[in-house]
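Peer 1: This is structure-v8.cif, which holds mmCIF, C-alpha atoms and all ligand atoms:
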```cif
data_query
#
loop_
_atom_site.label_atom_id
_atom_site.label_comp_id
_atom_site.auth_asym_id
_atom_site.auth_seq_id
_atom_site.Cartn_x
_atom_site.Cartn_y
_atom_site.Cartn_z
CA MET A 16 136.32 201.98 146.23
CA GLN A 17 140.00 202.03 147.11
CA LYS A 18 141.74 198.81 146.17
CA LEU A 19 142.20 196.43 149.06
CA THR A 20 145.93 196.11 148.47
CA ASP A 21 146.32 199.92 148.61
CA LYS A 22 144.83 199.88 152.08
CA LEU A 23 146.97 197.00 153.33
CA ASP A 24 149.96 198.10 155.37
CA ARG A 25 150.80 194.76 156.94
CA PRO A 26 151.03 191.09 156.03
CA ILE A 27 148.07 188.72 156.03
CA VAL A 28 148.84 185.64 158.11
CA LEU A 29 146.87 182.40 157.94
CA VAL A 30 146.65 180.32 161.10
CA GLY A 31 144.78 177.14 162.01
CA LEU A 32 145.17 173.42 162.36
CA MET A 33 147.08 171.08 160.07
CA GLY A 34 145.06 170.37 156.95
CA ALA A 35 142.96 173.55 157.19
CA GLY A 36 144.36 174.63 153.81
CA LYS A 37 146.66 177.43 154.99
CA SER A 38 149.29 176.82 152.29
CA THR A 39 146.93 176.12 149.39
CA VAL A 40 144.49 178.90 150.23
CA GLY A 41 147.37 181.24 151.11
CA ARG A 42 149.00 180.74 147.73
CA ARG A 43 145.69 181.41 145.96
CA LEU A 44 144.88 184.42 148.10
CA ALA A 45 148.30 185.89 147.31
CA LYS A 46 147.70 185.36 143.60
CA ARG A 47 144.23 186.91 143.83
CA LEU A 48 145.63 190.02 145.54
CA GLY A 49 148.84 190.19 143.49
CA LEU A 50 151.00 189.79 146.60
CA PRO A 51 154.00 187.57 147.30
CA PHE A 52 153.41 184.35 149.25
CA VAL A 53 155.58 182.64 151.80
CA ASP A 54 155.10 179.47 153.85
CA SER A 55 156.78 179.46 157.27
CA ASP A 56 157.31 175.67 157.37
CA THR A 57 158.98 175.76 153.95
CA GLU A 58 161.23 178.62 155.09
CA ILE A 59 162.21 176.70 158.23
CA GLU A 60 162.92 173.56 156.21
CA GLU A 61 165.02 175.47 153.69
CA ALA A 62 167.02 177.27 156.39
CA ALA A 63 167.59 174.06 158.37
CA GLY A 64 168.15 171.87 155.31
CA THR A 65 165.81 169.22 156.70
CA SER A 66 162.12 168.47 157.33
CA THR A 67 159.98 169.79 160.19
CA ALA A 68 159.48 166.15 161.26
CA ASP A 69 163.25 165.72 161.53
CA LEU A 70 163.60 168.98 163.50
CA PHE A 71 160.89 167.85 165.95
CA GLU A 72 162.65 164.55 166.40
CA ARG A 73 166.13 165.98 166.82
CA TYR A 74 165.45 169.08 168.93
CA GLY A 75 161.93 168.63 170.30
CA GLU A 76 158.85 170.79 169.97
CA ASN A 77 160.04 173.58 172.30
CA ASP A 78 163.19 174.33 170.32
CA PHE A 79 161.20 174.13 167.10
CA ARG A 80 158.77 176.76 168.47
CA ASP A 81 161.68 179.05 169.43
CA GLY A 82 163.10 178.85 165.92
CA GLU A 83 159.64 179.30 164.43
CA ARG A 84 159.04 182.45 166.53
CA ARG A 85 162.30 183.99 165.29
CA LEU A 86 161.51 183.11 161.71
CA VAL A 87 157.95 184.48 161.90
CA ALA A 88 159.34 187.73 163.35
CA ARG A 89 161.57 188.03 160.29
CA LEU A 90 158.74 187.22 157.88
CA ILE A 91 156.52 190.01 159.21
CA ASP A 92 159.27 192.57 158.84
CA GLY A 93 156.97 195.02 157.04
CA THR A 94 156.65 193.44 153.61
CA VAL A 95 152.99 193.24 152.66
CA ARG A 96 152.47 189.64 151.65
CA VAL A 97 150.51 186.51 152.49
CA ILE A 98 152.10 184.17 155.02
CA ALA A 99 150.94 180.62 155.79
CA THR A 100 152.15 179.51 159.23
CA GLY A 101 152.59 176.02 160.63
CA GLY A 102 149.62 174.98 162.77
CA GLY A 103 151.43 175.40 166.08
CA ALA A 104 152.91 178.85 165.45
CA PHE A 105 149.90 180.83 166.68
CA VAL A 106 149.64 178.60 169.75
CA ASP A 107 152.95 179.98 171.03
CA PRO A 108 152.11 183.07 173.16
CA GLY A 109 155.04 185.13 171.85
CA THR A 110 154.35 184.35 168.21
CA ARG A 111 150.63 184.98 168.69
CA GLN A 112 151.21 188.39 170.23
CA LEU A 113 153.68 189.37 167.53
CA LEU A 114 151.31 188.34 164.78
CA ASN A 115 148.27 190.04 166.26
CA GLU A 116 150.24 193.26 166.71
CA ARG A 117 151.94 193.38 163.34
CA ALA A 118 149.77 191.44 160.89
CA ILE A 119 146.17 190.72 159.97
CA THR A 120 145.57 187.24 161.31
CA VAL A 121 143.06 184.90 159.67
CA TRP A 122 142.00 181.63 161.32
CA LEU A 123 141.03 179.00 158.78
CA ASP A 124 138.63 176.89 160.78
CA ALA A 125 137.77 173.51 159.26
CA PRO A 126 135.95 170.53 160.83
CA VAL A 127 138.05 167.68 162.20
CA ASP A 128 136.79 165.16 159.62
CA VAL A 129 138.00 167.43 156.80
CA LEU A 130 141.37 167.91 158.53
CA ALA A 131 141.73 164.15 159.05
CA GLU A 132 140.96 163.41 155.43
CA ARG A 133 143.39 166.02 154.11
CA THR A 134 146.27 165.23 156.46
CA GLY A 135 145.88 161.52 155.66
CA ARG A 136 147.17 162.08 152.15
CA ARG A 137 150.78 162.51 153.32
CA ASN A 138 152.64 161.22 156.35
CA THR A 139 154.88 164.25 156.85
CA ARG A 140 153.46 165.73 160.06
CA PRO A 141 155.38 164.81 163.20
CA LEU A 142 152.36 165.23 165.50
CA LEU A 143 150.23 162.87 163.41
CA ARG A 144 152.71 160.08 162.77
CA THR A 145 151.65 157.99 165.71
CA GLY A 146 148.25 157.26 167.20
CA ASP A 147 144.81 157.81 165.76
CA ARG A 148 144.89 160.84 163.44
CA SER A 149 141.28 161.89 163.99
CA ALA A 150 141.58 161.58 167.76
CA THR A 151 144.79 163.63 167.80
CA LEU A 152 143.24 166.32 165.63
CA ALA A 153 140.12 166.42 167.82
CA ARG A 154 142.30 166.85 170.92
CA LEU A 155 144.37 169.58 169.26
CA ALA A 156 141.18 171.31 168.10
CA GLU A 157 139.87 171.36 171.64
CA GLN A 158 143.15 172.71 173.04
CA ARG A 159 143.85 175.22 170.32
CA HIS A 160 140.49 176.63 169.25
CA PRO A 161 140.37 179.19 172.08
CA LEU A 162 143.81 180.43 170.95
CA TYR A 163 143.07 180.48 167.22
CA ALA A 164 139.91 182.41 168.16
CA GLU A 165 142.20 185.33 169.12
CA ALA A 166 142.94 185.88 165.41
CA HIS A 167 141.41 189.04 163.93
CA ILE A 168 139.31 187.10 161.44
CA ARG A 169 137.72 183.64 161.50
CA ILE A 170 136.81 181.93 158.26
CA ARG A 171 134.95 178.66 158.37
CA SER A 172 136.14 176.39 155.61
CA GLY A 173 134.90 172.94 154.82
CA ASP A 174 135.66 170.65 151.94
CA GLY A 175 134.24 173.09 149.38
CA ALA A 176 136.09 175.00 146.67
CA HIS A 177 139.18 176.92 147.78
CA SER A 178 138.09 179.82 145.58
CA ASN A 179 135.08 180.40 147.88
CA VAL A 180 137.37 180.49 150.90
CA VAL A 181 139.63 182.98 149.14
CA GLU A 182 136.69 185.28 148.38
CA ALA A 183 135.42 185.00 151.95
CA ILE A 184 138.86 186.06 153.22
CA VAL A 185 139.02 189.02 150.83
CA SER A 186 135.59 190.27 152.01
CA ALA A 187 136.46 189.78 155.66
CA ILE A 188 139.77 191.63 155.33
CA SER A 189 137.99 194.48 153.57
CA ALA A 190 135.47 194.71 156.40
CA HIS A 191 138.25 194.49 158.99
CA LEU A 192 140.16 197.37 157.39
CA ASP A 193 137.02 199.52 157.23
CA LYS A 194 136.35 199.08 160.94
C1 LIG B 1 152.37 171.70 163.43
C2 LIG B 1 151.93 171.94 162.15
C3 LIG B 1 152.77 171.74 160.95
C4 LIG B 1 154.25 171.89 161.29
C5 LIG B 1 154.62 171.03 162.45
C6 LIG B 1 153.78 171.34 163.70
C7 LIG B 1 151.44 171.88 164.57
O1 LIG B 1 152.39 172.68 159.96
O2 LIG B 1 154.61 173.22 161.56
O3 LIG B 1 154.41 169.72 162.05
O4 LIG B 1 151.89 171.91 165.74
O5 LIG B 1 150.21 172.02 164.32
P1 LIG B 1 151.02 172.57 159.07
O6 LIG B 1 149.92 173.19 159.87
O7 LIG B 1 151.35 173.38 157.86
O8 LIG B 1 150.81 171.15 158.78
#
```
The structure in this file should be written as structure tokens.
Peer 2:
Amino acid sequence: MQKLTDKLDRPIVLVGLMGAGKSTVGRRLAKRLGLPFVDSDTEIEEAAGTSTADLFERYGENDFRDGERRLVARLIDGTVRVIATGGGAFVDPGTRQLLNERAITVWLDAPVDVLAERTGRRNTRPLLRTGDRSATLARLAEQRHPLYAEAHIRIRSGDGAHSNVVEAIVSAISAHLDK
């Protein structure tokens, strides 16, 4: 069987809600496949010299999404690598179209209780700083699930081992490329 990475001609992009494990799983997936890894939020923060929370506060969500779309376009410039996106990136119609045309998109779909538990460990997310975290995540899940469902691949992930999620992604990408 031809190696998966020999067949890959485009980046693998993880999408999904905050706390789904995009960065952690993405880093492990990259290691497993011997590919570079990049996190879009980290890139934005490094370029701006400040946190995503600060950018939301200073410029608002719309400007953040514009910057995010430009950055994502640069990140999928042809290098085959694993990219973890911020949870809202794939919700933006322009970013979503770009990603579905030029990358393999993987939706990490985790239940709201798992997302709430994971995001509760740090208070860095602008959309979760006020109000009831579980209620906000449930509302975002309802709004965004139909959009995340446009990703090429959906992987259900719970609170189990990340290594299982990584293997599920590898199998699903293999199947997707053989289609
Ligand atoms: C956001 C998710 C965050 C970050 C920003 C907005 C969202 O990324 O980009 O706070 O709209 O879902 P993570 O999904 O990595 O937390």
Peer 1: Of the candidates A:Ala62, A:Val129, A:Val106, A:Val87, which shows the shortest atom-to-atom distance to ligand LIG 1 (chain B), using all atoms listed in the file?
Peer 2: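 Among the listed residues, the smallest separation from ligand LIG 1 (chain B) belongs to A:Val106.
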Peer 1: Using only C-alpha atoms, pick whichever of A:Thr139, A:Thr145, A:Ser38, A:Asn179 has the shortest atom-to-atom distance to A:Ile98.
Peer 2: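 The answer is A:Ser38, which sits nearest to A:Ile98.
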Peer 1: Grab the atom CA of A:Leu23 to atom O3 of ligand LIG 1 (chain B) distance for me, in Å with one decimal place.
Peer 2: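 Atom-to-atom, atom CA of A:Leu23 and atom O3 of ligand LIG 1 (chain B) are spaced 29.6 Å apart.
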Peer 1: Leaving out A:Ile184 and any residue of its chain fewer than 5 positions from it, which residues lie within 9 Å of it when counting all atoms listed in the file, given as a short mmCIF file (atom, residue, chain, number, x, y, z; two decimals) with C-alpha atoms, in the frame of the given file?
Peer 2:
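Produced file result-v9.cif, reproduced below:
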```cif
data_model
loop_
_atom_site.label_atom_id
_atom_site.label_comp_id
_atom_site.auth_asym_id
_atom_site.auth_seq_id
_atom_site.Cartn_x
_atom_site.Cartn_y
_atom_site.Cartn_z
CA LEU A 44 144.88 184.42 148.10
CA VAL A 121 143.06 184.90 159.67
CA ILE A 168 139.31 187.10 161.44
CA ARG A 169 137.72 183.64 161.50
CA ILE A 170 136.81 181.93 158.26
CA ASN A 179 135.08 180.40 147.88
CA SER A 189 137.99 194.48 153.57
#
```
Peer 1: Pick out the residues sitting within 10 Å of A:Val40, and hand them over as a PyMOL selection string; count all atoms listed in the file, and ignore anything fewer than 4 positions along from it in its own chain.
Peer 2: chain A and resi 29+35-36+44-46+97+99+123+176-181+184
Peer 1: Using only C-alpha atoms and all ligand atoms, what are the residues with an atom within 6 Å of ligand LIG 1 (chain B), set out as a list of chain:residue names?
Peer 2: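 Here is the list of contacting residues: A:Leu32, A:Met33, A:Asp56, A:Thr67, A:Gly101, A:Gly102, A:Gly103, A:Arg140, A:Pro141.
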Peer 1: Find, counting only C-alpha atoms, the residue in A:Arg85, A:Gly34, A:Asp21, A:Leu90 that gets nearest to A:Ser149.
Peer 2: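 Selected residue with least distance to A:Ser149: A:Gly34.
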Peer 1: At a cut-off of 9 Å, using all atoms listed in the file, what residues contact A:Leu48? Leave out same-chain residues fewer than 5 positions from it and give the result as a ChimeraX atom specification.
Peer 2: /A:19-20,43,185
Peer 1: Of the residues A:His191, A:Arg154, A:Arg144, A:Arg84, which is the one nearest to A:His167, using all atoms listed in the file?
Peer 2: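 Using all atoms listed in the file, A:His167 sits closest to A:His191.
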Peer 1: In terms of the shortest atom-to-atom distance over all atoms listed in the file, which of A:Thr110, A:Ser186, A:Ser172, A:Thr134 is closest to A:Gly82?
Peer 2: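 Closest to A:Gly82, using all atoms listed in the file: A:Thr110.
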